[in-house]
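Chemist: Just so it is clear, I am handing over coords_11.cif, which has mmCIF, C-alpha atoms and all ligand atoms.
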data_query
loop_
_atom_site.label_atom_id
_atom_site.label_comp_id
_atom_site.auth_asym_id
_atom_site.auth_seq_id
_atom_site.Cartn_x
_atom_site.Cartn_y
_atom_site.Cartn_z
CA MET J 1 155.56 -83.74 13.08
CA PHE J 2 154.70 -80.73 15.25
CA LYS J 3 154.06 -78.64 12.15
CA ARG J 4 151.59 -81.22 10.89
CA LEU J 5 149.82 -81.29 14.24
CA LEU J 6 149.77 -77.52 14.73
CA PRO J 7 146.52 -76.85 12.84
CA LEU J 8 144.80 -79.57 14.86
CA VAL J 9 146.15 -78.17 18.15
CA LEU J 10 144.97 -74.68 17.20
CA MET J 11 141.54 -76.03 16.29
CA LEU J 12 141.27 -77.82 19.63
CA LEU J 13 142.37 -74.72 21.53
CA ALA J 14 139.84 -72.63 19.65
CA GLY J 15 137.17 -75.22 20.47
CA CYS J 16 137.90 -75.01 24.20
CA ALA J 17 137.45 -71.25 24.27
CA ALA J 18 134.57 -71.23 21.80
CA LYS J 19 131.57 -69.08 22.40
CA PRO J 20 128.43 -70.34 20.69
CA GLU J 21 128.53 -69.54 16.99
CA PHE J 22 125.64 -67.89 15.28
CA GLN J 23 124.49 -67.63 11.73
CA ARG J 24 123.15 -64.30 10.56
CA PRO J 25 119.80 -64.40 8.81
CA SER J 26 119.30 -61.14 6.93
CA LEU J 27 115.99 -60.19 8.54
CA LEU J 28 117.56 -60.30 11.95
CA GLN J 29 120.64 -58.38 10.89
CA THR J 30 118.59 -55.24 10.43
CA GLN J 31 117.78 -55.41 14.14
CA HIS J 32 121.48 -55.57 14.87
CA GLN J 33 122.16 -52.40 12.96
CA ARG J 34 119.55 -50.55 14.99
CA THR J 35 120.24 -51.81 18.48
CA GLY J 36 123.87 -52.95 18.37
CA VAL J 37 122.70 -56.31 19.71
CA PHE J 38 122.99 -59.30 17.42
CA PHE J 39 119.73 -61.19 16.82
CA THR J 40 119.69 -64.73 15.54
CA THR J 41 117.54 -67.82 15.15
CA GLU J 42 120.22 -70.42 14.59
CA THR J 43 122.77 -71.50 17.10
CA ARG J 44 125.11 -74.39 17.42
CA PRO J 45 124.74 -76.38 20.62
CA LEU J 46 126.46 -74.78 23.57
CA THR J 47 129.18 -76.96 25.00
CA VAL J 48 130.60 -74.63 27.60
CA SER J 49 127.47 -73.19 29.20
CA PRO J 50 127.17 -73.86 32.92
CA TRP J 51 123.51 -74.72 32.28
CA ASP J 52 122.04 -77.60 30.34
CA ILE J 53 120.28 -75.29 27.87
CA ARG J 54 118.25 -77.20 25.28
CA TYR J 55 116.27 -75.86 22.34
CA GLN J 56 115.34 -76.37 18.72
CA ASN J 57 116.31 -73.97 15.97
CA ILE J 58 113.56 -72.12 14.14
CA GLY J 59 115.50 -72.07 10.91
CA TYR J 60 112.77 -70.25 8.98
CA GLU J 61 112.90 -66.48 8.86
CA GLN J 62 109.23 -66.03 7.97
CA ASP J 63 107.96 -68.20 10.82
CA PRO J 64 104.85 -66.31 12.10
CA LYS J 65 105.74 -66.82 15.76
CA LEU J 66 109.24 -65.48 15.13
CA LEU J 67 107.92 -62.44 13.27
CA ASN J 68 105.48 -61.73 16.09
CA TYR J 69 108.16 -62.01 18.76
CA LEU J 70 110.62 -59.90 16.77
CA ALA J 71 108.07 -57.13 16.36
CA LEU J 72 107.23 -56.91 20.04
CA PHE J 73 110.84 -57.39 21.11
CA GLU J 74 111.80 -54.50 18.89
CA GLN J 75 109.12 -52.29 20.50
CA GLU J 76 110.11 -53.21 24.04
CA ILE J 77 113.88 -52.96 23.63
CA ALA J 78 113.50 -49.62 21.80
CA LYS J 79 112.24 -48.16 25.10
CA LEU J 80 115.74 -48.52 26.54
CA PRO J 81 118.51 -46.11 25.61
CA PRO J 82 121.54 -47.66 23.85
CA ALA J 83 123.65 -46.80 26.92
CA VAL J 84 121.67 -49.31 29.00
CA LEU J 85 121.98 -52.00 26.34
CA ARG J 86 125.74 -51.43 26.39
CA LEU J 87 125.76 -51.46 30.18
CA SER J 88 124.04 -54.87 30.21
CA GLY J 89 126.84 -56.38 28.14
CA LEU J 90 124.16 -58.11 26.05
CA ASP J 91 125.75 -59.46 22.91
CA LYS J 92 123.23 -61.80 21.29
CA VAL J 93 119.52 -62.55 21.41
CA ALA J 94 118.60 -66.02 20.17
CA PHE J 95 115.00 -66.84 19.20
CA VAL J 96 114.42 -70.57 19.47
CA ARG J 97 111.68 -73.07 20.30
CA ALA J 98 111.27 -75.98 22.73
CA LEU J 99 113.58 -74.10 25.12
CA SER J 100 114.40 -75.81 28.41
CA VAL J 101 117.04 -76.07 31.09
CA GLY J 102 117.47 -79.80 31.44
CA PRO J 103 113.93 -81.17 31.23
CA GLN J 104 112.38 -77.96 32.67
CA PRO J 105 110.62 -75.86 29.96
CA ARG J 106 111.48 -72.14 30.02
CA ALA J 107 110.01 -69.14 28.21
CA ALA J 108 113.48 -67.57 28.28
CA VAL J 109 116.97 -68.22 29.62
CA PRO J 110 119.64 -65.60 30.31
CA ASP J 111 123.11 -67.00 29.62
CA TYR J 112 125.03 -64.17 31.22
CA ILE J 113 128.32 -66.04 30.87
CA HIS J 114 128.14 -65.72 27.07
CA GLU J 115 125.91 -62.60 27.13
CA VAL J 116 123.19 -64.42 25.21
CA LEU J 117 119.46 -64.15 25.90
CA TYR J 118 117.37 -67.07 24.66
CA TYR J 119 113.65 -66.58 24.04
CA ASP J 120 111.13 -69.28 23.12
CA VAL J 121 108.91 -67.88 20.38
CA ASP J 122 106.10 -70.32 21.29
CA ALA J 123 105.65 -69.03 24.86
CA PRO J 124 102.00 -68.01 25.20
CA GLY J 125 100.51 -64.49 25.17
CA ASP J 126 101.96 -61.23 23.90
CA ALA J 127 101.58 -59.42 27.26
CA TYR J 128 103.51 -62.22 28.94
CA LEU J 129 106.20 -62.17 26.23
CA ARG J 130 106.70 -58.43 26.68
CA HIS J 131 107.07 -58.94 30.42
CA VAL J 132 109.58 -61.76 29.88
CA VAL J 133 111.65 -59.62 27.48
CA HIS J 134 112.32 -57.11 30.27
CA HIS J 135 112.52 -59.59 33.15
CA GLU J 136 115.32 -61.59 31.50
CA PHE J 137 117.10 -58.48 30.29
CA TYR J 138 117.31 -57.29 33.89
CA HIS J 139 119.18 -60.44 34.93
CA MET J 140 121.84 -59.54 32.36
CA LEU J 141 122.00 -55.97 33.64
CA GLU J 142 122.26 -57.06 37.30
CA GLN J 143 125.11 -59.42 36.47
CA GLN J 144 126.98 -56.63 34.75
CA LEU J 145 126.33 -54.00 37.44
CA TYR J 146 127.18 -56.14 40.47
CA GLY J 147 129.27 -59.02 39.10
CA SER J 148 126.56 -61.59 39.77
CA ALA J 149 123.02 -62.16 38.54
CA TYR J 150 122.37 -63.51 42.04
CA TYR J 151 123.73 -60.49 43.90
CA LYS J 152 122.08 -60.27 47.31
CA ASP J 153 121.67 -56.51 47.25
CA PRO J 154 121.72 -55.34 50.89
CA LEU J 155 120.07 -52.02 49.96
CA TRP J 156 117.19 -53.85 48.32
CA HIS J 157 116.83 -56.25 51.21
CA SER J 158 116.57 -53.30 53.62
CA LEU J 159 113.25 -52.36 51.96
CA ASN J 160 111.62 -55.72 52.73
CA PRO J 161 109.36 -56.23 55.74
CA ASP J 162 111.30 -57.13 58.91
CA GLY J 163 112.19 -60.79 59.05
CA PHE J 164 111.23 -61.50 55.45
CA VAL J 165 113.11 -64.45 53.93
CA TYR J 166 113.13 -65.19 50.20
CA GLY J 167 112.50 -68.69 48.84
CA ASN J 168 114.93 -70.95 47.05
CA GLY J 169 115.14 -69.05 43.75
CA GLY J 170 113.21 -68.92 40.49
CA ALA J 171 114.29 -72.40 39.42
CA TYR J 172 112.21 -73.79 42.30
CA ALA J 173 109.13 -71.69 41.57
CA ARG J 174 108.04 -72.99 38.17
CA ASP J 175 104.28 -73.31 38.78
CA SER J 176 102.70 -70.80 36.36
CA SER J 177 100.36 -69.54 39.13
CA VAL J 178 103.30 -67.86 40.92
CA SER J 179 103.68 -65.31 38.11
CA VAL J 180 100.09 -64.03 38.50
CA PHE J 181 100.07 -60.52 40.03
CA SER J 182 98.38 -61.63 43.22
CA HIS J 183 100.20 -59.29 45.66
CA PRO J 184 100.69 -62.19 48.10
CA HIS J 185 102.66 -60.14 50.64
CA PRO J 186 103.40 -56.40 51.17
CA GLY J 187 106.28 -55.46 48.87
CA PHE J 188 105.81 -58.28 46.34
CA VAL J 189 103.81 -58.29 43.12
CA ASN J 190 103.60 -62.09 42.92
CA GLY J 191 104.87 -65.35 44.34
CA TYR J 192 107.72 -65.43 41.85
CA ALA J 193 109.13 -62.19 43.26
CA MET J 194 109.22 -63.88 46.68
CA SER J 195 111.28 -66.81 45.35
CA GLY J 196 114.57 -64.89 45.30
CA LEU J 197 115.93 -61.34 45.58
CA GLU J 198 117.14 -61.49 41.97
CA GLU J 199 113.65 -62.45 40.76
CA ASP J 200 112.08 -59.69 42.85
CA LYS J 201 114.28 -57.07 41.17
CA ALA J 202 113.67 -58.53 37.70
CA GLU J 203 109.90 -58.49 38.30
CA ILE J 204 109.98 -54.82 39.40
CA TRP J 205 112.03 -53.95 36.29
CA ALA J 206 109.52 -55.81 34.12
CA ILE J 207 106.46 -54.02 35.55
CA ILE J 208 108.21 -50.68 35.02
CA TRP J 209 108.68 -51.35 31.29
CA ALA J 210 105.96 -53.77 30.15
CA GLN J 211 102.91 -51.51 30.08
CA GLN J 212 100.27 -54.22 30.37
CA SER J 213 102.07 -55.62 33.39
CA TRP J 214 102.10 -52.13 34.89
CA GLN J 215 98.37 -51.76 34.29
CA ALA J 216 97.84 -55.05 36.12
CA VAL J 217 99.78 -53.92 39.23
CA GLU J 218 99.15 -50.17 39.20
CA THR J 219 96.49 -50.24 41.93
CA LEU J 220 98.66 -52.52 44.07
CA VAL J 221 101.59 -50.12 43.82
CA GLU J 222 99.34 -47.20 44.81
CA ILE J 223 98.63 -48.80 48.18
CA ASP J 224 101.98 -50.47 48.84
CA SER J 225 104.77 -48.17 50.05
CA ILE J 226 107.34 -50.99 49.83
CA LEU J 227 106.64 -51.54 46.13
CA GLN J 228 106.93 -47.78 45.63
CA ALA J 229 110.28 -47.77 47.48
CA LYS J 230 111.53 -50.67 45.34
CA ILE J 231 110.66 -48.80 42.14
CA ARG J 232 112.41 -45.71 43.52
CA LEU J 233 115.57 -47.62 44.44
CA LEU J 234 115.81 -49.71 41.27
CA THR J 235 115.35 -46.74 38.95
CA ALA J 236 117.90 -44.71 40.94
CA GLN J 237 120.45 -47.56 40.98
CA VAL J 238 120.29 -47.99 37.20
CA GLN J 239 120.18 -44.25 36.51
CA CYS J 240 123.19 -43.73 38.77
CA GLN J 241 125.14 -46.03 36.42
CA ALA J 242 123.47 -44.79 33.23
CA PRO J 243 122.51 -41.09 33.51
CA GLU J 244 120.91 -41.38 30.03
CA MET J 245 117.97 -43.05 31.78
CA ALA J 246 116.91 -39.73 33.31
CA ASN J 247 114.49 -38.85 30.54
CA THR J 248 113.44 -42.30 29.44
CA TRP J 249 111.41 -43.71 32.35
CA PRO J 250 107.77 -44.26 31.37
CA ASP J 251 105.38 -41.42 32.25
CA TYR J 252 103.31 -43.67 34.48
CA ILE J 253 106.15 -44.22 36.98
CA GLN J 254 107.34 -40.61 37.16
CA ARG J 255 105.51 -40.07 40.44
CA TYR J 256 107.54 -42.87 42.05
CA LEU J 257 111.00 -41.65 40.97
CA ALA J 258 113.44 -40.26 43.55
CA ALA J 259 113.43 -36.48 43.96
CA LEU J 260 117.17 -36.42 44.69
CA PRO J 261 119.83 -37.01 42.00
CA ALA J 262 120.04 -40.80 41.43
CA CYS J 263 123.41 -41.60 43.05
CA GLU J 264 122.70 -39.27 45.94
CA PHE J 265 119.40 -41.01 46.56
CA VAL J 266 121.02 -44.48 46.51
CA ASP J 267 123.43 -43.26 49.19
CA THR J 268 120.52 -42.45 51.48
CA ILE J 269 119.44 -46.10 51.63
CA HIS J 270 121.03 -48.03 54.47
CA ALA J 271 122.15 -51.58 53.82
CA ALA J 272 120.39 -54.37 55.65
CA PRO J 273 122.45 -57.20 57.13
CA ALA J 274 123.21 -59.87 54.51
CA ALA J 275 120.01 -61.22 53.03
CA VAL J 276 119.34 -64.71 54.31
CA GLU J 277 117.75 -67.00 51.75
CA GLY J 278 115.96 -70.27 52.23
CA SER J 279 118.22 -73.27 51.96
ZN ZN J 301 114.20 -64.52 36.43
#
Please re-express this file's structure in structure tokens.
Ligand SMILES: [Zn+2]

Modeler:
Amino acid sequence: MFKRLLPLVLMLLAGCAAKPEFQRPSLLQTQHQRTGVFFTTETRPLTVSPWDIRYQNIGYEQDPKLLNYLALFEQEIAKLPPAVLRLSGLDKVAFVRALSVGPQPRAAVPDYIHEVLYYDVDAPGDAYLRHVVHHEFYHMLEQQLYGSAYYKDPLWHSLNPDGFVYGNGGAYARDSSVSVFSHPHPGFVNGYAMSGLEEDKAEIWAIIWAQQSWQAVETLVEIDSILQAKIRLLTAQVQCQAPEMANTWPDYIQRYLAALPACEFVDTIHAAPAAVEGS
């Protein structure tokens, strides 16, 4: 009896521990060979994700939106050394459409439990897509570096203006106007960065790497010493963990990099008391 049930038991056990399974379209496999990250368009529904991630499969390798996204993703991710990709723990990148968390539409979702980044190929505007590529990637990196994508970094918080309190997180700041680079407050490029410490860091990472985003904020950074300090700290924190970054930062941010060796510089920043967030 047990012998007859064993295959079923094993199947059920495997199902409980299952990570999402992915098919491997050939076009996307070539990306895998280059970056070490597995790209896919087809996923089975996630059953163990802590989020209610919903999407539709693209299922067509020559889909123009997919080809466009793949091309720009390739360009953006190629800016990062393989050591940083490894450091992020990123395993899979899934290109889908009609992406949402519950009923809330999303241009991208980082599933840092399964190390999968989901991107919606129909999100509008190439400059925005390039920004989103880096923003979401940073969430994966933060989770790997500090054990939580929502780490309330006391060094980072020490750079904020006295008494500054973040909002309730990115999930509560979905109005598209908040992502406009409006410099609403010293030290913040947009309203989204003010919604949570983790979003602030991801936005700074994105302006460092997405060149059109940088061009949009460059003059703000020039006059804002807090933004400059955030760039200096974030680049030093990542470089301290991945020395390969030393020669890969874009030319246009060189003037904002720390003069000291990365880890030494991080040690000069004094932690602020625990960041208090809105409730
Ligand atoms: Zn985010």

Chemist: Extract, using all atoms listed in the file, all DNA, RNA and protein residues at most 8 Å from J:Gly102, discarding same-chain residues fewer than 3 positions from it, and format them as a list in words.

Modeler: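 Here the answer would be Trp51, Asp52, Ile53 and Arg54 of chain J.
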
Chemist: Show which residues sit within 7 Å of stretch 232-244 of chain J, as a list in words. Count all atoms listed in the file, and ignore same-chain residues fewer than 6 positions away.

Modeler: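 My reading of the contact set: Pro81, Ala83, Val84, Tyr256, Leu257, Ala258, Ala262, Cys263, Phe265 and Val266 of chain J.
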
Chemist: Give me the residues near stretch 63-67 of chain J as a list in words, where near means some atom within 8 Å (using all atoms listed in the file) and where sequence neighbours in that chain fewer than 2 positions away do not count.

Modeler: Ile58, Tyr60, Glu61, Tyr69, Leu70, Ala71, Phe95, Val121 and Asp122 of chain J

Chemist: Tell me, in Å to one decimal, how far atom CA of J:Asp111 is from atom CA of J:Lys201.

Modeler: 17.6 Å

Chemist: Dump the neighbourhood of ligand ZN 301 (chain J) as a PDB file with C-alpha atoms, keeping the file's coordinate frame: all residues within 8 Å, distances computed on only C-alpha atoms and all ligand atoms.

Modeler:
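The file below, result-v6.pdb, is the result:
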ATOM      1  CA  HIS J 135     112.520 -59.590  33.150  1.00  0.00           C
ATOM      2  CA  GLU J 136     115.320 -61.590  31.500  1.00  0.00           C
ATOM      3  CA  HIS J 139     119.180 -60.440  34.930  1.00  0.00           C
ATOM      4  CA  GLY J 170     113.210 -68.920  40.490  1.00  0.00           C
ATOM      5  CA  GLU J 198     117.140 -61.490  41.970  1.00  0.00           C
ATOM      6  CA  GLU J 199     113.650 -62.450  40.760  1.00  0.00           C
ATOM      7  CA  ALA J 202     113.670 -58.530  37.700  1.00  0.00           C
ATOM      8  CA  GLU J 203     109.900 -58.490  38.300  1.00  0.00           C
TER       9      GLU J 203
END

Chemist: With only C-alpha atoms as the atoms that count, which of J:Arg97, J:Lys92, J:His134, J:His270 lies nearest to J:His114?

Modeler: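 Residue with the minimum atom-to-atom distance to J:His114: J:Lys92.
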
Chemist: What is the atom CA of J:Ala94-atom CA of J:Val109 distance in Å, reported with one decimal?

Modeler: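 Separation between atom CA of J:Ala94 and atom CA of J:Val109: 9.8 Å.
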
Chemist: Just to confirm, what's the straight-line distance from atom CA of J:Leu145 to atom CA of J:Arg86 in Å (one decimal)?

Modeler: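 Pair atom CA of J:Leu145 / atom CA of J:Arg86 returns 11.4 Å.
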
Chemist: Can you list every residue of stretch 31-140 of chain J that has an atom at most 12 Å from stretch 148-163 of chain J, with its nearest atom pair and the distance in Å to one decimal, using only C-alpha atoms, ordered by chain then number, as CSV?

Modeler:
residue,atom,partner,partner_atom,distance
J:Ser88,CA,J:Ala149,CA,11.1
J:Pro110,CA,J:Ala149,CA,9.5
J:Asp111,CA,J:Ala149,CA,10.1
J:Tyr112,CA,J:Ala149,CA,7.9
J:Ile113,CA,J:Ala149,CA,10.1
J:Glu115,CA,J:Ala149,CA,11.8
J:Glu136,CA,J:Ala149,CA,10.4
J:Phe137,CA,J:Ala149,CA,10.8
J:Tyr138,CA,J:Ala149,CA,8.8
J:His139,CA,J:Ala149,CA,5.5
J:Met140,CA,J:Ala149,CA,6.8
